[in-house]
$ cat work-v7.cif   # mmCIF, C-alpha atoms
data_upload
#
loop_
_atom_site.group_PDB
_atom_site.id
_atom_site.type_symbol
_atom_site.label_atom_id
_atom_site.label_comp_id
_atom_site.auth_asym_id
_atom_site.auth_seq_id
_atom_site.Cartn_x
_atom_site.Cartn_y
_atom_site.Cartn_z
ATOM 1 C CA MET A 1 0.000 0.000 0.000
ATOM 2 C CA LYS A 2 2.853 2.380 0.870
ATOM 3 C CA HIS A 3 4.465 1.717 -2.506
ATOM 4 C CA SER A 4 1.159 2.443 -4.285
ATOM 5 C CA ALA A 5 0.815 5.810 -2.515
ATOM 6 C CA SER A 6 4.342 6.790 -3.573
ATOM 7 C CA ILE A 7 3.565 5.935 -7.184
ATOM 8 C CA SER A 8 0.367 8.014 -6.983
ATOM 9 C CA VAL A 9 2.274 11.035 -5.662
ATOM 10 C CA VAL A 10 4.938 10.714 -8.364
ATOM 11 C CA PHE A 11 2.223 10.366 -10.997
ATOM 12 C CA LEU A 12 0.431 13.505 -9.759
ATOM 13 C CA VAL A 13 3.698 15.461 -9.806
ATOM 14 C CA LEU A 14 4.427 14.311 -13.356
ATOM 15 C CA VAL A 15 0.902 15.233 -14.508
ATOM 16 C CA HIS A 16 1.249 18.663 -12.887
ATOM 17 C CA LEU A 17 4.601 19.229 -14.628
ATOM 18 C CA ALA A 18 3.150 18.126 -17.969
ATOM 19 C CA VAL A 19 0.204 20.512 -17.652
ATOM 20 C CA ALA A 20 2.468 23.400 -16.606
ATOM 21 C CA THR A 21 4.820 22.703 -19.526
ATOM 22 C CA ALA A 22 1.911 22.556 -21.980
ATOM 23 C CA ALA A 23 0.517 25.857 -20.691
ATOM 24 C CA SER A 24 3.929 27.484 -20.992
ATOM 25 C CA ALA A 25 4.371 26.135 -24.522
ATOM 26 C CA ALA A 26 0.935 27.417 -25.536
ATOM 27 C CA ALA A 27 1.807 30.896 -24.267
ATOM 28 C CA ALA A 28 5.090 30.802 -26.188
ATOM 29 C CA MET A 29 3.381 29.524 -29.338
ATOM 30 C CA ASP A 30 0.976 32.442 -29.546
ATOM 31 C CA GLY A 31 4.026 34.724 -29.626
ATOM 32 C CA ALA A 32 2.471 37.329 -27.347
ATOM 33 C CA ALA A 33 4.799 40.012 -26.031
ATOM 34 C CA ASN A 34 4.482 43.334 -24.228
ATOM 35 C CA TYR A 35 4.534 46.546 -26.272
ATOM 36 C CA LEU A 36 4.452 50.288 -25.639
ATOM 37 C CA VAL A 37 1.897 51.944 -27.897
ATOM 38 C CA TYR A 38 2.224 55.716 -28.413
ATOM 39 C CA VAL A 39 -1.048 57.362 -29.487
ATOM 40 C CA ASP A 40 -2.402 60.849 -30.200
ATOM 41 C CA ARG A 41 -3.475 62.798 -27.110
ATOM 42 C CA HIS A 42 -7.075 62.288 -26.138
ATOM 43 C CA PRO A 43 -9.513 65.045 -27.184
ATOM 44 C CA PRO A 44 -10.548 67.578 -24.531
ATOM 45 C CA GLY A 45 -13.410 66.307 -22.391
ATOM 46 C CA VAL A 46 -12.713 62.646 -23.240
ATOM 47 C CA ASP A 47 -11.414 60.284 -20.550
ATOM 48 C CA CYS A 48 -7.828 59.276 -21.378
ATOM 49 C CA GLN A 49 -8.205 55.617 -20.406
ATOM 50 C CA GLN A 50 -11.474 55.216 -22.312
ATOM 51 C CA TYR A 51 -9.913 56.838 -25.372
ATOM 52 C CA GLN A 52 -6.930 54.461 -25.287
ATOM 53 C CA LEU A 53 -9.140 51.455 -24.565
ATOM 54 C CA GLY A 54 -11.261 52.415 -27.589
ATOM 55 C CA ILE A 55 -8.207 52.410 -29.854
ATOM 56 C CA LEU A 56 -7.172 48.959 -28.646
ATOM 57 C CA ALA A 57 -10.752 47.629 -28.807
ATOM 58 C CA ALA A 58 -11.046 48.773 -32.424
ATOM 59 C CA ALA A 59 -7.868 46.843 -33.250
ATOM 60 C CA LEU A 60 -8.731 43.678 -31.314
ATOM 61 C CA GLY A 61 -12.433 43.537 -32.142
ATOM 62 C CA SER A 62 -13.924 43.910 -28.656
ATOM 63 C CA GLU A 63 -13.637 45.872 -25.447
ATOM 64 C CA GLU A 64 -13.283 42.617 -23.487
ATOM 65 C CA LYS A 65 -10.186 41.600 -25.467
ATOM 66 C CA ALA A 66 -8.768 45.099 -25.073
ATOM 67 C CA LYS A 67 -9.291 45.061 -21.294
ATOM 68 C CA ALA A 68 -7.545 41.679 -21.087
ATOM 69 C CA ALA A 69 -4.585 42.885 -23.174
ATOM 70 C CA ILE A 70 -3.960 46.335 -21.685
ATOM 71 C CA LEU A 71 -1.354 46.463 -18.928
ATOM 72 C CA TYR A 72 -0.967 50.165 -18.143
ATOM 73 C CA ASN A 73 -2.162 53.573 -19.362
ATOM 74 C CA TYR A 74 0.241 56.491 -19.745
ATOM 75 C CA LYS A 75 -1.119 60.019 -19.759
ATOM 76 C CA ASN A 76 1.264 62.451 -18.011
ATOM 77 C CA VAL A 77 4.590 62.309 -19.832
ATOM 78 C CA MET A 78 3.335 60.554 -22.953
ATOM 79 C CA SER A 79 0.011 59.497 -24.367
ATOM 80 C CA GLY A 80 -0.179 55.755 -24.758
ATOM 81 C CA PHE A 81 -0.470 52.389 -23.125
ATOM 82 C CA SER A 82 1.320 49.104 -22.704
ATOM 83 C CA ALA A 83 -0.374 45.909 -23.826
ATOM 84 C CA ARG A 84 0.336 42.207 -24.304
ATOM 85 C CA LEU A 85 -0.218 41.461 -27.994
ATOM 86 C CA THR A 86 0.216 38.564 -30.392
ATOM 87 C CA PRO A 87 1.901 39.297 -33.745
ATOM 88 C CA SER A 88 -1.465 39.546 -35.555
ATOM 89 C CA GLU A 89 -2.879 41.838 -32.845
ATOM 90 C CA LEU A 90 0.263 43.971 -33.072
ATOM 91 C CA GLU A 91 -0.273 44.473 -36.804
ATOM 92 C CA ALA A 92 -3.921 45.443 -36.211
ATOM 93 C CA VAL A 93 -2.885 48.002 -33.560
ATOM 94 C CA LYS A 94 -0.284 49.534 -35.900
ATOM 95 C CA LYS A 95 -3.020 50.149 -38.501
ATOM 96 C CA GLN A 96 -5.097 52.338 -36.159
ATOM 97 C CA PRO A 97 -4.940 55.997 -37.290
ATOM 98 C CA GLN A 98 -4.363 57.320 -33.738
ATOM 99 C CA VAL A 99 -1.292 55.113 -33.220
ATOM 100 C CA ASN A 100 1.988 56.943 -33.781
ATOM 101 C CA ARG A 101 4.551 54.346 -32.769
ATOM 102 C CA VAL A 102 4.778 50.871 -31.244
ATOM 103 C CA LEU A 103 7.897 49.625 -29.473
ATOM 104 C CA PRO A 104 8.669 46.356 -27.717
ATOM 105 C CA SER A 105 8.612 46.782 -23.951
ATOM 106 C CA VAL A 106 11.915 45.920 -22.315
ATOM 107 C CA THR A 107 13.183 45.938 -18.750
ATOM 108 C CA LEU A 108 16.649 47.307 -18.233
ATOM 109 C CA SER A 109 18.780 46.894 -15.132
ATOM 110 C CA LEU A 110 21.920 48.598 -13.932
ATOM 111 C CA MET A 111 25.154 46.653 -14.192
ATOM 112 C CA SER A 112 26.563 48.442 -11.145
ATOM 113 C CA SER A 113 25.262 50.506 -8.275
ATOM 114 C CA LYS A 114 28.267 52.843 -8.606
ATOM 115 C CA PHE A 115 28.082 55.776 -10.986
ATOM 116 C CA ASP A 116 30.738 58.521 -10.983
ATOM 117 C CA GLY A 117 31.728 57.694 -7.427
ATOM 118 C CA VAL A 118 28.156 57.661 -6.152
ATOM 119 C CA SER A 119 27.105 54.454 -4.469
#
$ encode --input "work-v7.cif" --output "structure tokens"
Amino acid sequence: MKHSASISVVFLVLVHLAVATAASAAAAMDGAANYLVYVDRHPPGVDCQQYQLGILAAALGSEEKAKAAILYNYKNVMSGFSARLTPSELEAVKKQPQVNRVLPSVTLSLMSSKFDGVS
């Protein structure tokens, strides 16, 4: 009986790993990545987030898809948003007339904490 329980635990662990690997592979296969999307400033009297969500919804085909894809809205220094997009969604976003530029989102880190003698 003890041996049977050990086999069951090992089996469950292997199934869990297989499911996790399949989910990870599916995410990689869709090719989705994060992008910064620069857009025209919103018109006076129009909510910035609604304006940006409308641009993304027009590209993706629904407000629900746009809400799922959008990661962050920018409105103070620049007008735009970040979103997780597949290659086909990216092309649809680029075709929107309010979109000025789309760049891949990257995270940069410092190589050293020392800069010109400051630590």
$ resolve_selection --input "work-v7.cif" --expression "the PyMOL selection byres ((chain A and resi 81) around 10)" --output "MDAnalysis selection string"
chainID A and resid 35:39 49 52:53 56 70:75 78:80 82:83 102
$ atom_distance --input "work-v7.cif" --atom1 "atom CA of Lys67 of chain A" --atom2 "atom CA of Ile55 of chain A"
11.3 Å
$ atom_distance --input "work-v7.cif" --atom1 "atom CA of Val93 of chain A" --atom2 "atom CA of Leu60 of chain A"
7.6 Å
$ axis_aligned_box --input "work-v7.cif" --around "segment 68-87 of chain A" --padding-each-side "3 Å" --output "lines of an AutoDock Vina configuration file"
center_x = -1.5
center_y = 50.5
center_z = -25.9
size_x = 18.1
size_y = 29.9
size_z = 21.7
$ atom_distance --input "work-v7.cif" --atom1 "atom CA of Lys95 of chain A" --atom2 "atom CA of Thr107 of chain A"
25.9 Å
$ closest_residue --input "work-v7.cif" --among "A:Val46, A:Val106, A:Ala68, A:Met111" --to "Leu85 of chain A" --atoms "all atoms listed in the file"
A:Ala68
$ closest_residue --input "work-v7.cif" --among "A:Val77, A:Ala92, A:Gly61, A:Thr86" --to "Pro104 of chain A" --atoms "only C-alpha atoms"
A:Thr86
$ closest_residue --input "work-v7.cif" --among "A:Ala66, A:Arg84, A:Gln50, A:Ala57" --to "Gln96 of chain A" --atoms "only C-alpha atoms"
A:Ala57
$ closest_residue --input "work-v7.cif" --among "A:Gly54, A:Glu63, A:Asp40, A:Cys48" --to "Asn100 of chain A" --atoms "all atoms listed in the file"
A:Asp40
